[in-house]
$ cat coords.cif   # mmCIF, C-alpha atoms
data_input
loop_
_atom_site.label_atom_id
_atom_site.label_comp_id
_atom_site.auth_asym_id
_atom_site.auth_seq_id
_atom_site.Cartn_x
_atom_site.Cartn_y
_atom_site.Cartn_z
CA MET U 514 -6.97 159.54 -87.59
CA ILE U 515 -8.98 162.73 -87.38
CA THR U 516 -11.15 163.21 -84.32
CA ALA U 517 -14.12 165.54 -84.28
CA PHE U 518 -13.94 168.81 -82.40
CA THR U 519 -16.49 168.41 -79.62
CA PRO U 520 -16.64 171.68 -77.69
CA TRP U 521 -19.87 170.99 -75.82
CA SER U 522 -19.38 167.44 -74.67
CA SER U 523 -15.79 168.24 -73.81
CA LEU U 524 -16.90 171.23 -71.78
CA ILE U 525 -19.57 169.20 -70.00
CA GLY U 526 -17.08 166.44 -69.28
CA GLY U 527 -14.75 169.05 -67.86
CA LEU U 528 -17.51 170.40 -65.61
CA LEU U 529 -18.01 166.88 -64.23
CA ILE U 530 -14.30 166.52 -63.55
CA GLY U 531 -14.37 169.84 -61.76
CA ALA U 532 -17.42 168.78 -59.76
CA SER U 533 -15.58 165.68 -58.60
CA ALA U 534 -12.60 167.76 -57.54
CA VAL U 535 -14.75 170.22 -55.60
CA MET U 536 -16.58 167.33 -53.97
CA LEU U 537 -13.38 165.85 -52.56
CA MET U 538 -12.01 169.18 -51.39
CA LEU U 539 -15.22 170.42 -49.83
CA LEU U 540 -16.02 167.18 -48.04
CA TYR U 541 -12.59 165.78 -47.19
CA GLY U 542 -10.10 168.53 -47.91
CA ARG U 543 -8.24 166.47 -50.47
CA ILE U 544 -6.83 167.16 -53.92
CA ALA U 545 -8.49 165.02 -56.61
CA GLY U 546 -5.23 163.99 -58.18
CA VAL U 547 -5.46 160.56 -59.76
CA SER U 548 -1.73 159.95 -59.44
CA GLY U 549 -1.86 160.79 -55.75
CA ILE U 550 -4.89 158.58 -55.17
CA LEU U 551 -3.21 155.72 -57.05
CA GLY U 552 -0.04 156.27 -55.10
CA ARG U 553 -1.88 155.69 -51.85
CA ILE U 554 -2.62 152.07 -52.73
CA LEU U 555 0.93 151.37 -53.86
CA PRO U 556 3.80 150.53 -51.52
CA PRO U 557 4.66 152.00 -49.12
CA VAL U 558 1.02 151.98 -48.09
CA ALA U 559 -0.61 153.86 -45.25
CA MET U 560 -3.48 151.50 -44.54
CA GLY U 561 -5.91 154.20 -43.46
CA ASP U 562 -5.98 155.69 -46.95
CA VAL U 563 -6.59 152.46 -48.81
CA PRO U 564 -10.41 152.02 -48.67
CA SER U 565 -11.28 155.50 -49.89
CA SER U 566 -8.54 155.53 -52.54
CA ALA U 567 -9.56 152.11 -53.79
CA ALA U 568 -13.20 153.20 -53.87
CA PHE U 569 -12.34 156.21 -56.03
CA LEU U 570 -10.45 153.98 -58.46
CA VAL U 571 -13.36 151.53 -58.58
CA GLY U 572 -15.62 154.45 -59.48
CA LEU U 573 -13.19 155.46 -62.22
CA VAL U 574 -13.07 151.94 -63.64
CA ALA U 575 -16.84 151.57 -63.50
CA ALA U 576 -17.54 154.87 -65.25
CA PRO U 577 -17.44 153.73 -68.89
CA LEU U 578 -19.54 150.69 -68.03
CA VAL U 579 -22.09 152.86 -66.26
CA TYR U 580 -22.07 155.27 -69.21
CA GLN U 581 -22.63 152.48 -71.72
CA ALA U 582 -25.38 150.91 -69.64
CA ALA U 583 -27.12 154.23 -69.07
CA THR U 584 -26.93 155.59 -72.60
CA GLY U 585 -26.70 152.46 -74.73
CA VAL U 586 -23.80 154.18 -76.49
CA LYS U 587 -20.50 152.37 -76.81
CA VAL U 588 -17.45 154.33 -75.69
CA ILE U 589 -15.26 154.97 -78.72
CA GLN U 590 -11.58 154.53 -78.14
CA THR U 591 -8.59 154.23 -80.42
CA VAL U 592 -5.57 152.94 -78.56
CA VAL U 593 -2.61 152.63 -80.86
CA GLY U 594 0.80 151.47 -79.85
CA SER U 595 2.88 148.34 -79.72
CA PRO U 596 3.27 146.68 -76.33
CA LEU U 597 6.80 148.07 -76.15
CA VAL U 598 5.68 151.64 -76.76
CA MET U 599 2.88 151.27 -74.20
CA ILE U 600 5.28 149.88 -71.63
CA VAL U 601 7.85 152.62 -72.18
CA ALA U 602 5.10 155.24 -72.08
CA GLY U 603 3.59 153.74 -68.96
CA LEU U 604 6.92 153.63 -67.14
CA ALA U 605 7.61 157.25 -68.06
CA VAL U 606 4.15 158.41 -66.98
CA GLY U 607 4.24 156.40 -63.77
CA PHE U 608 7.68 157.57 -62.74
CA GLY U 609 7.03 161.13 -63.87
CA VAL U 610 3.74 161.69 -62.04
CA VAL U 611 5.18 160.50 -58.75
CA TRP U 612 8.47 162.34 -59.21
CA GLY U 613 6.62 165.52 -60.12
CA ASN U 614 3.96 164.96 -57.48
CA GLY U 615 0.97 165.19 -59.79
CA CYS U 616 -0.65 164.73 -63.17
CA THR U 617 -3.27 166.47 -65.31
CA SER U 618 -5.90 166.35 -62.56
CA GLY U 619 -3.64 167.11 -59.63
CA HIS U 620 -1.56 169.85 -61.22
CA GLY U 621 -3.51 170.76 -64.32
CA VAL U 622 -6.93 171.09 -62.73
CA CYS U 623 -6.60 171.35 -58.96
CA GLY U 624 -3.21 173.04 -58.85
CA ILE U 625 -4.13 175.68 -61.40
CA ALA U 626 -7.49 176.21 -59.71
CA ARG U 627 -5.59 176.96 -56.50
CA LEU U 628 -3.34 179.35 -58.45
CA SER U 629 -0.33 177.27 -57.48
CA ARG U 630 2.73 178.53 -59.33
CA ARG U 631 4.35 175.14 -58.88
CA SER U 632 1.42 173.44 -60.57
CA MET U 633 1.39 176.00 -63.36
CA VAL U 634 5.07 175.25 -64.02
CA ALA U 635 4.48 171.51 -63.87
CA THR U 636 1.51 171.77 -66.23
CA LEU U 637 3.45 173.89 -68.69
CA VAL U 638 6.33 171.42 -68.64
CA PHE U 639 4.22 168.34 -69.24
CA MET U 640 2.16 170.03 -71.93
CA VAL U 641 5.27 171.13 -73.80
CA ALA U 642 6.95 167.75 -73.35
CA ALA U 643 3.86 165.96 -74.60
CA GLY U 644 3.46 168.32 -77.55
CA LEU U 645 7.10 167.92 -78.53
CA THR U 646 6.82 164.14 -78.26
CA VAL U 647 3.79 164.04 -80.54
CA PHE U 648 5.49 166.38 -82.98
CA VAL U 649 8.58 164.22 -83.20
CA VAL U 650 6.62 160.99 -83.47
CA ARG U 651 4.12 162.24 -86.05
CA HIS U 652 6.15 164.74 -88.03
CA GLY U 653 9.77 164.31 -87.18
CA MET U 654 10.50 160.65 -87.77
CA GLY U 655 10.92 160.45 -91.52
CA GLY U 656 7.53 162.11 -91.88
CA MET I 1232 -19.45 156.57 -45.84
CA ARG I 1233 -16.09 157.94 -46.88
CA SER I 1234 -15.62 155.11 -49.38
CA VAL I 1235 -19.09 155.65 -50.79
CA ILE I 1236 -18.41 159.33 -51.38
CA TYR I 1237 -14.98 158.66 -52.81
CA GLY I 1238 -16.49 156.00 -55.06
CA LEU I 1239 -19.10 158.46 -56.26
CA ALA I 1240 -16.45 161.09 -56.87
CA GLY I 1241 -14.45 158.58 -58.90
CA LEU I 1242 -17.52 157.68 -60.91
CA ILE I 1243 -18.31 161.33 -61.64
CA PHE I 1244 -14.68 161.97 -62.56
CA GLY I 1245 -14.68 158.94 -64.87
CA LEU I 1246 -17.96 159.95 -66.49
CA GLY I 1247 -16.40 163.35 -67.09
CA LEU I 1248 -13.47 161.71 -68.79
CA VAL I 1249 -15.69 159.54 -70.97
CA ILE I 1250 -18.16 162.29 -71.92
CA SER I 1251 -15.38 164.76 -72.67
CA GLY I 1252 -13.67 162.30 -74.97
CA MET I 1253 -10.54 162.22 -72.86
CA ALA I 1254 -10.72 158.45 -72.50
CA ASP I 1255 -9.90 158.28 -76.20
CA PRO I 1256 -6.12 158.56 -76.68
CA ALA I 1257 -6.69 159.53 -80.32
CA LYS I 1258 -8.47 162.69 -79.16
CA VAL I 1259 -5.76 163.51 -76.64
CA LEU I 1260 -2.96 162.95 -79.13
CA ASN I 1261 -4.77 165.11 -81.67
CA PHE I 1262 -4.97 167.90 -79.13
CA LEU I 1263 -1.22 167.62 -78.65
CA ASP I 1264 -0.66 167.46 -82.42
CA VAL I 1265 -0.80 171.23 -82.71
CA THR I 1266 0.77 171.37 -86.16
CA GLY I 1267 -1.17 168.43 -87.52
CA ARG I 1268 -4.64 166.99 -86.96
CA TRP I 1269 -5.34 169.49 -84.24
CA ASP I 1270 -8.45 168.75 -82.14
CA PRO I 1271 -8.81 171.57 -79.57
CA SER I 1272 -11.34 169.65 -77.47
CA LEU I 1273 -8.99 169.01 -74.51
CA ALA I 1274 -8.70 172.76 -74.02
CA PHE I 1275 -12.43 172.86 -73.41
CA VAL I 1276 -12.18 170.00 -70.95
CA MET I 1277 -9.50 171.79 -68.97
CA ALA I 1278 -11.31 175.11 -69.17
CA GLY I 1279 -14.52 173.57 -67.85
CA ALA I 1280 -12.74 171.63 -65.15
CA VAL I 1281 -10.57 174.52 -63.97
CA ALA I 1282 -13.49 176.98 -64.01
CA VAL I 1283 -15.68 174.79 -61.83
CA THR I 1284 -12.82 173.87 -59.54
CA MET I 1285 -11.66 177.45 -59.15
CA VAL I 1286 -15.09 178.67 -58.14
CA GLY I 1287 -15.71 175.66 -55.95
CA PHE I 1288 -12.33 175.93 -54.24
CA ARG I 1289 -12.81 179.62 -53.61
CA MET I 1290 -16.08 178.90 -51.83
CA THR I 1291 -14.62 175.90 -50.04
CA PHE I 1292 -11.60 177.72 -48.67
CA ARG I 1293 -13.79 180.26 -46.95
CA ARG I 1294 -14.53 177.45 -44.53
CA ARG I 1295 -12.20 176.73 -41.66
CA ALA I 1296 -12.31 173.04 -42.41
CA PRO I 1297 -13.84 170.54 -44.84
CA VAL I 1298 -17.36 169.34 -44.14
CA LEU I 1299 -16.43 165.78 -43.14
CA ALA I 1300 -12.80 166.07 -42.11
CA ASP I 1301 -10.92 168.11 -39.55
CA ARG I 1302 -8.55 169.93 -41.88
CA PHE I 1303 -7.58 170.61 -45.45
CA HIS I 1304 -4.73 168.49 -46.83
CA LEU I 1305 -3.11 170.85 -49.27
CA PRO I 1306 0.34 170.42 -50.78
CA SER I 1307 2.72 172.55 -48.77
CA ALA I 1308 5.64 172.50 -51.19
CA THR I 1309 5.96 175.65 -53.22
CA ALA I 1310 9.55 175.57 -54.44
CA ILE I 1311 10.24 175.07 -58.13
CA GLU I 1312 12.96 172.51 -57.78
CA SER I 1313 14.31 169.96 -60.25
CA ARG I 1314 11.70 167.31 -59.48
CA ILE I 1315 8.91 169.58 -60.62
CA ILE I 1316 10.65 169.87 -63.99
CA VAL I 1317 12.04 166.36 -64.44
CA GLY I 1318 8.88 164.63 -63.27
CA PRO I 1319 6.45 166.46 -65.54
CA ALA I 1320 8.91 166.21 -68.45
CA LEU I 1321 8.94 162.42 -68.15
CA PHE I 1322 5.20 162.35 -67.65
CA GLY I 1323 4.70 164.48 -70.75
CA LEU I 1324 6.94 162.20 -72.79
CA GLY I 1325 4.92 159.16 -71.83
CA TRP I 1326 1.64 160.99 -72.33
CA GLY I 1327 2.71 162.08 -75.78
CA LEU I 1328 3.68 158.53 -76.69
CA ALA I 1329 0.53 156.77 -75.55
CA GLY I 1330 -2.12 159.46 -75.27
CA PHE I 1331 -2.86 158.21 -71.76
CA CYS I 1332 -2.39 159.92 -68.45
CA PRO I 1333 -3.33 158.20 -65.17
CA GLY I 1334 -7.03 159.03 -64.99
CA PRO I 1335 -7.99 158.06 -68.54
CA ALA I 1336 -5.79 154.97 -68.36
CA ILE I 1337 -7.54 153.64 -65.26
CA THR I 1338 -10.93 154.52 -66.66
CA SER I 1339 -10.10 152.64 -69.84
CA ILE I 1340 -9.26 149.36 -68.15
CA ALA I 1341 -12.80 148.02 -68.39
CA LEU I 1342 -12.90 148.77 -72.10
CA GLY I 1343 -10.49 145.89 -72.42
CA GLN I 1344 -7.92 146.94 -74.98
CA PRO I 1345 -4.66 145.02 -74.48
CA ALA I 1346 -2.57 148.14 -75.11
CA THR I 1347 -4.28 149.79 -72.14
CA VAL I 1348 -3.34 146.93 -69.85
CA TYR I 1349 0.32 147.14 -70.89
CA PHE I 1350 0.29 150.85 -70.20
CA VAL I 1351 -1.41 150.60 -66.80
CA ALA I 1352 0.83 147.78 -65.62
CA ALA I 1353 3.94 149.68 -66.61
CA MET I 1354 2.56 152.87 -65.08
CA LEU I 1355 2.09 151.16 -61.72
CA VAL I 1356 5.64 149.80 -61.90
CA GLY I 1357 6.97 153.25 -62.76
CA MET I 1358 5.10 154.74 -59.83
CA VAL I 1359 6.47 152.21 -57.36
CA VAL I 1360 10.01 152.72 -58.66
CA ALA I 1361 9.63 156.48 -58.26
CA ARG I 1362 8.24 156.16 -54.77
CA GLN I 1363 11.08 153.91 -53.67
CA THR I 1364 13.69 156.08 -55.37
CA ALA I 1365 12.32 159.16 -53.65
CA ARG I 1366 12.54 157.46 -50.27
CA LEU I 1367 16.10 156.29 -50.93
CA ILE I 1368 17.42 159.69 -51.86
CA ARG I 1369 15.69 161.49 -49.03
#
$ encode --input "coords.cif" --output "C-alpha coordinates"
Amino acid sequence: MITAFTPWSSLIGGLLIGASAVMLMLLYGRIAGVSGILGRILPPVAMGDVPSSAAFLVGLVAAPLVYQAATGVKVIQTVVGSPLVMIVAGLAVGFGVVWGNGCTSGHGVCGIARLSRRSMVATLVFMVAAGLTVFVVRHGMGG
Amino acid sequence: MRSVIYGLAGLIFGLGLVISGMADPAKVLNFLDVTGRWDPSLAFVMAGAVAVTMVGFRMTFRRRAPVLADRFHLPSATAIESRIIVGPALFGLGWGLAGFCPGPAITSIALGQPATVYFVAAMLVGMVVARQTARLIR
(Lines of atoms letter the chains of each structure in order from A and count residues from 1; the text may use other names and numbers.)
(Lines give C-alpha, C1' and ligand atoms only; values in the text may rest on other atoms or scores of the structure.)
Protein backbone atom coordinates (compact mmCIF):
# COMPACT_ATOMS: atom_id res chain seq x y z
CA MET A 1 0.00 0.00 0.00
CA ILE A 2 1.05 3.58 -0.60
CA THR A 3 1.77 5.70 2.45
CA ALA A 4 1.64 9.48 2.36
CA PHE A 5 4.84 11.48 2.49
CA THR A 6 4.62 13.34 5.79
CA PRO A 7 7.66 15.60 6.06
CA TRP A 8 6.41 17.77 8.91
CA SER A 9 4.99 15.20 11.28
CA SER A 10 7.96 12.96 10.59
CA LEU A 11 10.34 15.80 11.35
CA ILE A 12 8.48 16.68 14.54
CA GLY A 13 8.46 13.04 15.60
CA GLY A 14 12.18 12.94 14.98
CA LEU A 15 12.70 16.04 17.13
CA LEU A 16 10.88 14.28 19.98
CA ILE A 17 13.06 11.21 19.61
CA GLY A 18 16.10 13.44 19.71
CA ALA A 19 14.78 15.23 22.79
CA SER A 20 14.41 11.90 24.56
CA ALA A 21 17.96 10.95 23.66
CA VAL A 22 19.37 14.26 24.89
CA MET A 23 17.35 13.93 28.08
CA LEU A 24 18.91 10.59 28.96
CA MET A 25 22.43 11.67 28.10
CA LEU A 26 22.27 15.02 29.85
CA LEU A 27 20.68 13.69 33.01
CA TYR A 28 22.12 10.18 33.31
CA GLY A 29 24.91 9.95 30.76
CA ARG A 30 23.27 7.09 28.92
CA ILE A 31 22.68 6.27 25.27
CA ALA A 32 18.96 6.09 24.40
CA GLY A 33 19.29 2.83 22.54
CA VAL A 34 16.12 0.77 22.76
CA SER A 35 17.97 -2.49 22.17
CA GLY A 36 20.37 -1.68 24.98
CA ILE A 37 17.57 -0.70 27.34
CA LEU A 38 15.67 -3.88 26.47
CA GLY A 39 18.81 -5.91 26.94
CA ARG A 40 19.12 -4.69 30.51
CA ILE A 41 15.91 -6.44 31.55
CA LEU A 42 16.84 -9.69 29.83
CA PRO A 43 19.12 -12.33 31.33
CA PRO A 44 21.81 -11.96 32.46
CA VAL A 45 20.31 -9.10 34.44
CA ALA A 46 22.11 -6.52 36.53
CA MET A 47 19.37 -5.75 39.02
CA GLY A 48 20.32 -2.12 39.49
CA ASP A 49 19.42 -1.28 35.91
CA VAL A 50 16.02 -2.93 35.91
CA PRO A 51 13.68 -0.24 37.37
CA SER A 52 14.81 2.56 35.08
CA SER A 53 14.95 0.34 31.99
CA ALA A 54 11.53 -1.08 32.72
CA ALA A 55 10.17 2.42 33.27
CA PHE A 56 11.45 3.55 29.87
CA LEU A 57 9.79 0.57 28.21
CA VAL A 58 6.53 1.27 30.04
CA GLY A 59 6.68 4.82 28.70
CA LEU A 60 7.24 3.44 25.20
CA VAL A 61 4.30 1.07 25.48
CA ALA A 62 2.04 3.76 26.88
CA ALA A 63 2.86 6.30 24.18
CA PRO A 64 0.27 5.34 21.55
CA LEU A 65 -2.41 5.10 24.23
CA VAL A 66 -1.50 8.52 25.56
CA TYR A 67 -1.48 9.88 22.01
CA GLN A 68 -4.91 8.44 21.25
CA ALA A 69 -6.35 9.69 24.52
CA ALA A 70 -4.88 13.15 24.09
CA THR A 71 -5.75 13.70 20.45
CA GLY A 72 -8.76 11.45 19.92
CA VAL A 73 -6.97 10.20 16.81
CA LYS A 74 -6.47 6.49 16.33
CA VAL A 75 -2.93 5.41 15.52
CA ILE A 76 -2.89 3.97 12.01
CA GLN A 77 -0.82 0.87 11.59
CA THR A 78 -0.55 -1.75 8.87
CA VAL A 79 1.27 -4.81 10.12
CA VAL A 80 1.51 -7.42 7.41
CA GLY A 81 3.18 -10.74 7.74
CA SER A 82 2.39 -14.32 8.58
CA PRO A 83 3.31 -15.51 12.07
CA LEU A 84 6.27 -17.36 10.56
CA VAL A 85 7.63 -14.27 8.83
CA MET A 86 7.17 -12.22 12.00
CA ILE A 87 8.97 -14.83 14.07
CA VAL A 88 11.87 -15.13 11.64
CA ALA A 89 12.08 -11.34 11.42
CA GLY A 90 11.91 -10.97 15.18
CA LEU A 91 14.64 -13.53 15.77
CA ALA A 92 16.88 -11.83 13.21
CA VAL A 93 16.27 -8.37 14.66
CA GLY A 94 16.71 -9.56 18.23
CA PHE A 95 19.92 -11.43 17.57
CA GLY A 96 21.26 -8.74 15.27
CA VAL A 97 20.76 -5.75 17.56
CA VAL A 98 22.52 -7.47 20.44
CA TRP A 99 25.29 -8.88 18.26
CA GLY A 100 25.84 -5.49 16.67
CA ASN A 101 25.38 -3.65 19.95
CA GLY A 102 22.66 -1.29 18.79
CA CYS A 103 19.68 -0.49 16.61
CA THR A 104 18.23 2.54 14.82
CA SER A 105 18.13 4.63 18.00
CA GLY A 106 21.42 3.50 19.48
CA HIS A 107 23.51 3.54 16.32
CA GLY A 108 21.38 5.47 13.87
CA VAL A 109 20.53 8.41 16.11
CA CYS A 110 22.86 8.50 19.10
CA GLY A 111 25.89 6.94 17.44
CA ILE A 112 25.74 9.19 14.41
CA ALA A 113 25.11 12.21 16.62
CA ARG A 114 28.34 11.36 18.45
CA LEU A 115 30.10 11.02 15.09
CA SER A 116 30.94 7.42 15.91
CA ARG A 117 32.48 5.76 12.87
CA ARG A 118 31.43 2.40 14.24
CA SER A 119 27.82 3.51 14.42
CA MET A 120 27.99 5.02 10.95
CA VAL A 121 29.20 1.66 9.60
CA ALA A 122 26.54 -0.23 11.53
CA THR A 123 23.81 2.12 10.30
CA LEU A 124 24.97 1.84 6.71
CA VAL A 125 25.01 -1.95 6.96
CA PHE A 126 21.53 -2.28 8.42
CA MET A 127 20.06 0.26 6.02
CA VAL A 128 21.52 -1.55 3.02
CA ALA A 129 20.51 -4.96 4.37
CA ALA A 130 16.98 -3.74 5.00
CA GLY A 131 16.73 -2.09 1.60
CA LEU A 132 17.98 -5.21 -0.15
CA THR A 133 15.53 -7.36 1.79
CA VAL A 134 12.59 -5.19 0.81
CA PHE A 135 13.76 -5.14 -2.79
CA VAL A 136 13.97 -8.91 -2.96
CA VAL A 137 10.65 -9.43 -1.21
CA ARG A 138 8.72 -6.83 -3.19
CA HIS A 139 10.42 -6.92 -6.57
CA GLY A 140 12.59 -9.96 -6.74
CA MET A 141 10.33 -12.85 -5.88
CA GLY A 142 8.47 -13.49 -9.11
CA GLY A 143 7.47 -9.83 -9.11
CA MET B 1 13.09 9.76 40.52
CA ARG B 2 15.28 7.98 38.02
CA SER B 3 12.41 5.72 36.99
CA VAL B 4 10.09 8.68 36.60
CA ILE B 5 12.54 10.44 34.29
CA TYR B 6 13.26 7.29 32.34
CA GLY B 7 9.53 6.68 32.03
CA LEU B 8 9.03 10.20 30.74
CA ALA B 9 11.88 9.77 28.28
CA GLY B 10 10.31 6.54 27.04
CA LEU B 11 6.96 8.26 26.65
CA ILE B 12 8.49 11.14 24.68
CA PHE B 13 10.43 8.68 22.53
CA GLY B 14 7.27 6.66 21.88
CA LEU B 15 5.25 9.77 21.05
CA GLY B 16 7.99 10.68 18.61
CA LEU B 17 7.67 7.28 16.99
CA VAL B 18 3.89 7.55 16.75
CA ILE B 19 3.80 11.14 15.48
CA SER B 20 6.54 10.51 12.94
CA GLY B 21 4.70 7.52 11.54
CA MET B 22 7.49 5.15 12.43
CA ALA B 23 5.15 2.93 14.42
CA ASP B 24 3.55 2.02 11.11
CA PRO B 25 5.57 -0.76 9.44
CA ALA B 26 3.98 0.12 6.10
CA LYS B 27 5.63 3.54 6.25
CA VAL B 28 8.98 2.08 7.22
CA LEU B 29 8.87 -0.56 4.51
CA ASN B 30 7.93 2.07 1.95
CA PHE B 31 10.96 4.11 2.97
CA LEU B 32 13.11 1.05 2.37
CA ASP B 33 11.33 0.33 -0.94
CA VAL B 34 13.54 2.80 -2.77
CA THR B 35 12.69 1.51 -6.24
CA GLY B 36 9.00 1.10 -5.53
CA ARG B 37 6.43 2.91 -3.39
CA TRP B 38 9.09 5.16 -1.95
CA ASP B 39 7.98 7.20 1.08
CA PRO B 40 10.95 9.37 2.16
CA SER B 41 9.42 10.23 5.53
CA LEU B 42 11.86 8.14 7.62
CA ALA B 43 14.70 10.30 6.32
CA PHE B 44 13.01 13.29 7.92
CA VAL B 45 12.60 11.41 11.18
CA MET B 46 16.28 10.55 11.27
CA ALA B 47 17.31 14.04 10.21
CA GLY B 48 15.23 15.62 12.96
CA ALA B 49 16.38 13.14 15.57
CA VAL B 50 20.07 13.33 14.66
CA ALA B 51 20.01 17.14 14.44
CA VAL B 52 18.53 17.57 17.90
CA THR B 53 20.73 14.88 19.38
CA MET B 54 23.89 16.25 17.81
CA VAL B 55 23.30 19.73 19.17
CA GLY B 56 22.16 18.41 22.52
CA PHE B 57 25.11 16.04 22.85
CA ARG B 58 27.56 18.77 21.93
CA MET B 59 26.21 20.93 24.73
CA THR B 60 26.03 18.00 27.12
CA PHE B 61 29.60 16.86 26.59
CA ARG B 62 30.93 20.24 27.61
CA ARG B 63 29.97 19.16 31.10
CA ARG B 64 32.30 17.03 33.16
CA ALA B 65 29.47 14.75 34.15
CA PRO B 66 25.74 14.26 33.62
CA VAL B 67 23.37 16.27 35.80
CA LEU B 68 22.12 13.35 37.91
CA ALA B 69 24.87 10.76 37.57
CA ASP B 70 28.57 10.71 38.30
CA ARG B 71 29.83 9.91 34.81
CA PHE B 72 28.94 9.42 31.20
CA HIS B 73 28.42 5.81 30.09
CA LEU B 74 29.57 5.93 26.50
CA PRO B 75 30.41 2.91 24.37
CA SER B 76 34.17 2.50 24.44
CA ALA B 77 34.48 0.09 21.53
CA THR B 78 35.63 1.73 18.34
CA ALA B 79 36.92 -1.16 16.26
CA ILE B 80 35.05 -2.19 13.14
CA GLU B 81 35.09 -5.89 13.73
CA SER B 82 32.90 -8.66 12.33
CA ARG B 83 30.15 -8.27 14.91
CA ILE B 84 29.47 -4.73 13.80
CA ILE B 85 28.84 -6.05 10.28
CA VAL B 86 27.11 -9.36 11.01
CA GLY B 87 24.86 -7.95 13.70
CA PRO B 88 23.50 -5.02 11.71
CA ALA B 89 23.18 -7.22 8.61
CA LEU B 90 20.91 -9.62 10.49
CA PHE B 91 19.05 -6.73 12.07
CA GLY B 92 18.52 -5.15 8.66
CA LEU B 93 17.22 -8.42 7.25
CA GLY B 94 14.64 -8.72 9.98
CA TRP B 95 13.73 -5.05 9.76
CA GLY B 96 13.22 -5.35 6.03
CA LEU B 97 10.99 -8.39 6.50
CA ALA B 98 8.71 -7.00 9.18
CA GLY B 99 9.12 -3.24 9.04
CA PHE B 100 9.75 -3.28 12.79
CA CYS B 101 12.85 -2.41 14.73
CA PRO B 102 12.94 -2.61 18.53
CA GLY B 103 11.51 0.79 19.45
CA PRO B 104 8.50 0.76 17.14
CA ALA B 105 7.81 -2.89 17.97
CA ILE B 106 7.62 -2.23 21.71
CA THR B 107 5.56 0.90 21.15
CA SER B 108 3.14 -1.09 19.02
CA ILE B 109 2.38 -3.72 21.62
CA ALA B 110 -0.58 -1.83 23.06
CA LEU B 111 -2.10 -1.45 19.61
CA GLY B 112 -2.78 -5.16 19.87
CA GLN B 113 -2.03 -6.60 16.46
CA PRO B 114 -1.19 -10.32 16.73
CA ALA B 115 1.66 -10.00 14.23
CA THR B 116 3.33 -7.50 16.55
CA VAL B 117 3.21 -9.92 19.45
CA TYR B 118 4.83 -12.68 17.38
CA PHE B 119 7.57 -10.28 16.37
CA VAL B 120 8.25 -8.97 19.87
CA ALA B 121 8.29 -12.42 21.43
CA ALA B 122 10.72 -13.68 18.82
CA MET B 123 12.82 -10.53 19.16
CA LEU B 124 13.22 -11.09 22.89
CA VAL B 125 14.22 -14.71 22.26
CA GLY B 126 16.73 -13.61 19.64
CA MET B 127 18.19 -11.08 22.04
CA VAL B 128 18.62 -13.62 24.83
CA VAL B 129 20.23 -16.10 22.44
CA ALA B 130 22.66 -13.43 21.27
CA ARG B 131 23.51 -12.38 24.79
CA GLN B 132 24.21 -15.95 25.85
CA THR B 133 26.17 -16.69 22.67
CA ALA B 134 28.30 -13.60 23.21
CA ARG B 135 29.10 -14.69 26.75
CA LEU B 136 29.97 -18.21 25.63
CA ILE B 137 32.42 -17.15 22.97
CA ARG B 138 34.10 -14.53 25.11
$ resolve_selection --input "coords.cif" --expression "the PyMOL selection byres ((chain I and resi 1269) around 10)" --output "number ranges by chain"
U: 515-518; I: 1258-1268, 1270-1272
$ residues_around --input "coords.cif" --residues "segment 1312-1322 of chain I" --least-positions-apart "2" --cutoff "6 Å" --atoms "all atoms listed in the file" --output "tab-separated table (two decimals) with C-alpha atoms, keeping the file's coordinate frame"
chain	number	residue	atom	x	y	z
U	605	ALA	CA	7.61	157.25	-68.06
U	606	VAL	CA	4.15	158.41	-66.98
U	609	GLY	CA	7.03	161.13	-63.87
U	610	VAL	CA	3.74	161.69	-62.04
U	612	TRP	CA	8.47	162.34	-59.21
U	613	GLY	CA	6.62	165.52	-60.12
U	635	ALA	CA	4.48	171.51	-63.87
U	638	VAL	CA	6.33	171.42	-68.64
U	639	PHE	CA	4.22	168.34	-69.24
U	642	ALA	CA	6.95	167.75	-73.35
I	1310	ALA	CA	9.55	175.57	-54.44
I	1324	LEU	CA	6.94	162.20	-72.79
I	1325	GLY	CA	4.92	159.16	-71.83
$ atom_distance --input "coords.cif" --atom1 "atom CA of Phe569 of chain U" --atom2 "atom CA of Ile550 of chain U"
7.9 Å
$ atom_distance --input "coords.cif" --atom1 "atom CA of Gly527 of chain U" --atom2 "atom CA of Gly1247 of chain I"
6.0 Å
$ resolve_selection --input "coords.cif" --expression "the PyMOL selection byres ((chain I and resi 1239) around 12)" --output "PyMOL selection string"
(chain U and resi 529-530+532-534+536-537+565-576+579) or (chain I and resi 1232-1238+1240-1246)
$ atom_distance --input "coords.cif" --atom1 "atom CA of Ser595 of chain U" --atom2 "atom CA of Ala1352 of chain I"
14.3 Å
$ resolve_selection --input "coords.cif" --expression "the PyMOL selection byres ((chain U and resi 621-626) around 8)" --output "ChimeraX atom specification"
/U:531,534,544-546,616-620,627-633,636 /I:1277,1280-1282,1284-1285,1288
$ closest_residue --input "coords.cif" --among "I:Pro1335, I:Gly1357, I:Gly1343, I:Gly1279" --to "Pro1256 of chain I" --atoms "all atoms listed in the file"
I:Pro1335
$ residues_around --input "coords.cif" --residues "segment 1298-1304 of chain I" --least-positions-apart "5" --cutoff "6 Å" --atoms "all atoms listed in the file" --output "list of chain:residue names"
U:Leu540, U:Tyr541, U:Gly542, U:Arg543
$ residues_near_point --input "coords.cif" --point "(3.9, 152.8, -62.2)" --cutoff "10 Å" --atoms "all atoms listed in the file" --output "list in words"
Ser548, Leu551, Gly552, Leu555, Ile600, Gly603, Leu604, Ala605, Val606, Gly607, Phe608, Gly609, Val610 and Val611 of chain U; Pro1333, Phe1350, Val1351, Ala1352, Ala1353, Met1354, Leu1355, Val1356, Gly1357, Met1358, Val1359, Val1360, Ala1361 and Arg1362 of chain I
$ closest_residue --input "coords.cif" --among "U:Gly615, U:Gly526, U:Gly549, U:Gly653" --to "chain I" --atoms "only C-alpha atoms"
U:Gly526
$ residues_around --input "coords.cif" --residues "Leu1328 of chain I" --least-positions-apart "4" --cutoff "9 Å" --atoms "all atoms listed in the file" --output "ChimeraX atom specification"
/U:594,598-599,601-602,643,646-647,650 /I:1260,1323-1324
$ closest_residue --input "coords.cif" --among "U:Val586, U:Ile554, U:Leu539, U:Ala559" --to "chain I" --atoms "only C-alpha atoms"
U:Leu539
$ closest_residue --input "coords.cif" --among "U:Ala582, U:Leu528, U:Val649, U:Val535" --to "Pro1297 of chain I" --atoms "only C-alpha atoms"
U:Val535
